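S.K.: Sending over a structure as structure tokens; questions will come in a sec.
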Amino acid sequence: MNDIEPVIAKATTPEEQSDGIVVSFAAEWHQPLLGKKFTAVIRKRVPKTVKSRWLYFHINAPVCAICGRAEICSIDDIDLKEAQLLSKELALQPAEITAYFGGDKTVGCYRLGHIALTNNELSKQTLSSRLTYHPPQSFFILSHAAKKIIDSLAGFHGRTKE
């Protein structure tokens with residue numbers, strides 16, 4: 001019988017919180033990520049109380065994998081006008097930005113440093129073989145133990161600057 005507790009990817013207490021977050025992206029963002037076509041990301045939900053250093057890109061179905069990470073330079077709330085000015089950095093057309101905002105006055109904006117791709121995309125199956133891993137609806141804060149495992153599997157281990 002295996003008495004080892006599984007490593008849970010999502011931090012459940014403040015003590016478990018690492019400096020990494022996993023953020024979900026639609027499959028249409030897979031190629032822009034691989035091409036490193038953006039340096040900013042807008043989201044309706046972003047962490048407000050935790051200082052995160054790393055953003056891990058989970059690409060949803062059919063990819064279903066963590067495909068890279070980027071250092072987070074800042075996380076701010078921005079209005080539509082500011083977002084429109086970031087159109088190139090967001091790799092979005094102004095109409096797409098307007099549609100995303102809907103009726104919201106502000107959204108969160110991650111400004112990113114260098115994007116590093118994984119050595120091998122970490123499929124949900126691969127992650128689930130080592131962790132209790134469920135892709136986030138928007139984002140979750142990684143536990144310290146899970147971040148170490150993901151960094152090792154992805155080839156990020158020991159790299160702070162890519």
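Chain labels run A, B, ... following the order of the structure tokens; each chain numbers its residues from 1, and ligands are numbered from 1 in the order shown.
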As a PDB file with N, CA and C atoms, in the first residue's frame, please: the residues near Lys105 in chain A (cut-off 9 Å, only C-alpha atoms, same-chain neighbours under 6 positions excluded).

M.R.:
ATOM      1  N   ILE A  78      -6.434  47.545 -15.811  1.00  0.00           N
ATOM      2  CA  ILE A  78      -6.384  48.551 -16.867  1.00  0.00           C
ATOM      3  C   ILE A  78      -7.789  48.764 -17.433  1.00  0.00           C
ATOM      4  N   ASP A  79      -8.005  49.958 -17.995  1.00  0.00           N
ATOM      5  CA  ASP A  79      -9.298  50.245 -18.619  1.00  0.00           C
ATOM      6  C   ASP A  79      -9.210  49.960 -20.117  1.00  0.00           C
ATOM      7  N   LEU A  80     -10.326  50.123 -20.794  1.00  0.00           N
ATOM      8  CA  LEU A  80     -10.400  49.804 -22.213  1.00  0.00           C
ATOM      9  C   LEU A  80      -9.415  50.623 -23.037  1.00  0.00           C
TER      10      LEU A  80
END

S.K.: When DSSP works through the backbone of this structure, what residues of range 18-145 of chain A end up as alpha helix (DSSP H), shown as a PDB file with C-alpha atoms, in the first residue's frame?

M.R.:
ATOM      1  CA  HIS A  30      -1.197  27.678 -28.596  1.00  0.00           C
ATOM      2  CA  GLN A  31       0.442  28.921 -31.817  1.00  0.00           C
ATOM      3  CA  PRO A  32       0.838  32.530 -30.600  1.00  0.00           C
ATOM      4  CA  LEU A  33       2.501  31.122 -27.457  1.00  0.00           C
ATOM      5  CA  LEU A  34       4.856  28.923 -29.480  1.00  0.00           C
ATOM      6  CA  LEU A  80     -10.400  49.804 -22.213  1.00  0.00           C
ATOM      7  CA  LYS A  81      -8.370  52.759 -23.474  1.00  0.00           C
ATOM      8  CA  GLU A  82      -5.173  51.381 -21.919  1.00  0.00           C
ATOM      9  CA  ALA A  83      -5.905  47.918 -23.322  1.00  0.00           C
ATOM     10  CA  GLN A  84      -6.463  49.347 -26.807  1.00  0.00           C
ATOM     11  CA  LEU A  85      -3.019  50.975 -26.611  1.00  0.00           C
ATOM     12  CA  SER A  87      -3.177  45.870 -28.865  1.00  0.00           C
ATOM     13  CA  LYS A  88       0.162  44.757 -30.352  1.00  0.00           C
ATOM     14  CA  GLU A  89       1.526  43.464 -27.031  1.00  0.00           C
ATOM     15  CA  LEU A  90      -1.743  41.570 -26.455  1.00  0.00           C
ATOM     16  CA  PRO A  94      -9.058  46.468 -31.014  1.00  0.00           C
ATOM     17  CA  ALA A  95     -12.482  44.917 -31.722  1.00  0.00           C
ATOM     18  CA  GLU A  96     -11.436  41.716 -29.885  1.00  0.00           C
ATOM     19  CA  ILE A  97     -10.329  43.784 -26.885  1.00  0.00           C
ATOM     20  CA  THR A  98     -13.624  45.706 -26.848  1.00  0.00           C
ATOM     21  CA  ALA A  99     -15.588  42.440 -27.059  1.00  0.00           C
ATOM     22  CA  TYR A 100     -13.550  40.925 -24.211  1.00  0.00           C
ATOM     23  CA  PHE A 101     -14.237  43.907 -21.937  1.00  0.00           C
ATOM     24  CA  LYS A 124      -2.648  16.698 -18.255  1.00  0.00           C
ATOM     25  CA  GLN A 125      -1.920  12.951 -18.279  1.00  0.00           C
ATOM     26  CA  THR A 126       1.792  13.538 -17.556  1.00  0.00           C
ATOM     27  CA  LEU A 127       0.992  16.062 -14.837  1.00  0.00           C
ATOM     28  CA  SER A 128      -1.647  13.804 -13.274  1.00  0.00           C
ATOM     29  CA  SER A 129       0.871  10.954 -13.067  1.00  0.00           C
ATOM     30  CA  ARG A 130       2.976  13.077 -10.683  1.00  0.00           C
ATOM     31  CA  HIS A 144       5.834  24.897  -3.710  1.00  0.00           C
ATOM     32  CA  ALA A 145       6.131  21.139  -4.271  1.00  0.00           C
TER      33      ALA A 145
END

S.K.: Using only C-alpha atoms, can you tell me which of A:His58, A:His134, A:Lys148, A:Arg53 comes closest to Asp19 in chain A?

M.R.: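 Checking each candidate against Asp19 in chain A, we get A:Arg53 as the closest.
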
S.K.: Can you pull out every residue within 12 Å of Thr39 in chain A, counting only C-alpha atoms, but drop anything in the same chain fewer than 5 positions away, and send it as a PyMOL selection string?

M.R.: chain A and resi 32-33+55+69-74+86-92+109-116

S.K.: At a cut-off of 9 Å, using only C-alpha atoms, what residues contact Val46 in chain A? Leave out same-chain residues fewer than 6 positions from it and give the result as number ranges by chain.

M.R.: A: 75-77, 107-110, 138-139

S.K.: Please produce a file of those selected residues containing C-alpha atoms, as a PDB file, in the first residue's frame.

M.R.:
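Okay, this is what ended up in again27.pdb:
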ATOM      1  CA  ILE A  75      -0.216  42.673 -12.719  1.00  0.00           C
ATOM      2  CA  ASP A  76      -2.418  45.758 -12.973  1.00  0.00           C
ATOM      3  CA  ASP A  77      -6.020  46.697 -13.580  1.00  0.00           C
ATOM      4  CA  VAL A 107      -9.719  44.016 -16.462  1.00  0.00           C
ATOM      5  CA  GLY A 108      -6.491  42.584 -15.124  1.00  0.00           C
ATOM      6  CA  CYS A 109      -3.358  42.790 -17.249  1.00  0.00           C
ATOM      7  CA  TYR A 110      -0.270  40.625 -16.865  1.00  0.00           C
ATOM      8  CA  SER A 138      -9.030  30.980 -14.857  1.00  0.00           C
ATOM      9  CA  PHE A 139      -5.930  30.607 -12.639  1.00  0.00           C
TER      10      PHE A 139
END

S.K.: Pro62 in chain A: which residues within 12 Å, counting only C-alpha atoms, same-chain residues fewer than 5 positions away excluded, as a PyMOL selection string?

M.R.: chain A and resi 25-30+123-124

S.K.: I need the chosen residues saved as an mmCIF file, in the first residue's frame, with N, CA and C atoms.

M.R.:
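Contents of the output file result_37.cif:
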data_model
loop_
_atom_site.group_PDB
_atom_site.id
_atom_site.type_symbol
_atom_site.label_atom_id
_atom_site.label_comp_id
_atom_site.auth_asym_id
_atom_site.auth_seq_id
_atom_site.Cartn_x
_atom_site.Cartn_y
_atom_site.Cartn_z
ATOM 1 N N PHE A 25 -5.579 29.084 -20.999
ATOM 2 C CA PHE A 25 -5.698 29.769 -22.281
ATOM 3 C C PHE A 25 -6.457 28.869 -23.241
ATOM 4 N N ALA A 26 -7.298 29.465 -24.069
ATOM 5 C CA ALA A 26 -8.002 28.717 -25.108
ATOM 6 C C ALA A 26 -6.985 28.143 -26.092
ATOM 7 N N ALA A 27 -7.357 27.063 -26.761
ATOM 8 C CA ALA A 27 -6.466 26.384 -27.705
ATOM 9 C C ALA A 27 -5.948 27.328 -28.795
ATOM 10 N N GLU A 28 -6.722 28.345 -29.150
ATOM 11 C CA GLU A 28 -6.292 29.287 -30.194
ATOM 12 C C GLU A 28 -5.022 30.054 -29.810
ATOM 13 N N TRP A 29 -4.643 30.025 -28.524
ATOM 14 C CA TRP A 29 -3.433 30.718 -28.066
ATOM 15 C C TRP A 29 -2.192 29.842 -28.130
ATOM 16 N N HIS A 30 -2.334 28.582 -28.537
ATOM 17 C CA HIS A 30 -1.197 27.678 -28.596
ATOM 18 C C HIS A 30 -0.136 28.179 -29.588
ATOM 19 N N SER A 123 1.475 17.335 -20.697
ATOM 20 C CA SER A 123 0.063 17.001 -20.860
ATOM 21 C C SER A 123 -0.596 16.812 -19.502
ATOM 22 N N LYS A 124 -1.902 16.938 -19.492
ATOM 23 C CA LYS A 124 -2.648 16.698 -18.255
ATOM 24 C C LYS A 124 -2.354 15.288 -17.751
#

S.K.: Determine which residues of range 21-153 of chain A DSSP labels as strand (DSSP E) from the backbone of this structure, then write them out as number ranges by chain.

M.R.: A: 21-25, 40-43, 54-59, 65-79, 106-123, 131-132, 139-143

S.K.: Go through range 86-141 of chain A and flag each residue having an atom no more than 9 Å from range 3-14 of chain A; for those, report the closest pair of atoms plus their distance in Å to one decimal, using only C-alpha atoms, ordered by chain and rising number, as a Markdown table.

M.R.:
| residue | atom | partner | partner_atom | distance |
| --- | --- | --- | --- | --- |
| A:Arg130 | CA | A:Val7 | CA | 7.3 |
| A:Leu131 | CA | A:Val7 | CA | 5.0 |
| A:Thr132 | CA | A:Ile8 | CA | 4.7 |
| A:Tyr133 | CA | A:Ala9 | CA | 5.4 |
| A:His134 | CA | A:Ala9 | CA | 7.9 |
| A:Phe140 | CA | A:Lys10 | CA | 6.2 |
| A:Ile141 | CA | A:Ala11 | CA | 5.7 |

S.K.: Do you have the CA of Asn120 in chain A-CA of Ala65 in chain A distance handy?

M.R.: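 CA of Asn120 in chain A sits 9.7 Å away from CA of Ala65 in chain A.
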
S.K.: When you draw a straight line from CA of Gln137 in chain A to CA of Cys64 in chain A, how long is it in Å?

M.R.: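 Straight-line distance from CA of Gln137 in chain A to CA of Cys64 in chain A works out to 12.6 Å.
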
S.K.: Work out how far CA of Ala146 in chain A is from CA of Ile42 in chain A, in Å to one decimal.

M.R.: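 Straight-line distance from CA of Ile42 in chain A to CA of Ala146 in chain A works out to 25.1 Å.
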
S.K.: With range 149-152 of chain A as the partner and 12 Å as the cut-off, tabulate the residues of range 11-37 of chain A that qualify, each row holding the nearest pair of atoms and their distance in Å to one decimal, using only C-alpha atoms, sorted by chain and rising number, as JSON lines.

M.R.:
{"residue": "A:Gly20", "atom": "CA", "partner": "A:Asp151", "partner_atom": "CA", "distance": 10.3}
{"residue": "A:Ile21", "atom": "CA", "partner": "A:Ile150", "partner_atom": "CA", "distance": 11.5}
{"residue": "A:Val22", "atom": "CA", "partner": "A:Ile150", "partner_atom": "CA", "distance": 10.7}

S.K.: Would you mind exporting N, CA, C and O atoms of the selected residues as a PDB file, in the first residue's frame?

M.R.:
ATOM      1  N   GLY A  20       4.403  30.962  -8.296  1.00  0.00           N
ATOM      2  CA  GLY A  20       3.927  30.627  -9.628  1.00  0.00           C
ATOM      3  C   GLY A  20       2.424  30.454  -9.684  1.00  0.00           C
ATOM      4  O   GLY A  20       1.817  29.985  -8.713  1.00  0.00           O
ATOM      5  N   ILE A  21       1.833  30.851 -10.801  1.00  0.00           N
ATOM      6  CA  ILE A  21       0.406  30.632 -11.030  1.00  0.00           C
ATOM      7  C   ILE A  21       0.239  29.937 -12.375  1.00  0.00           C
ATOM      8  O   ILE A  21       1.023  30.152 -13.298  1.00  0.00           O
ATOM      9  N   VAL A  22      -0.780  29.091 -12.456  1.00  0.00           N
ATOM     10  CA  VAL A  22      -1.152  28.454 -13.713  1.00  0.00           C
ATOM     11  C   VAL A  22      -2.371  29.204 -14.235  1.00  0.00           C
ATOM     12  O   VAL A  22      -3.349  29.380 -13.510  1.00  0.00           O
TER      13      VAL A  22
END

S.K.: Taking only C-alpha atoms into account, name the residue in A:Val23, A:Val50, A:Leu117, A:Ala61 that is nearest to Lys36 in chain A.

M.R.: A:Leu117
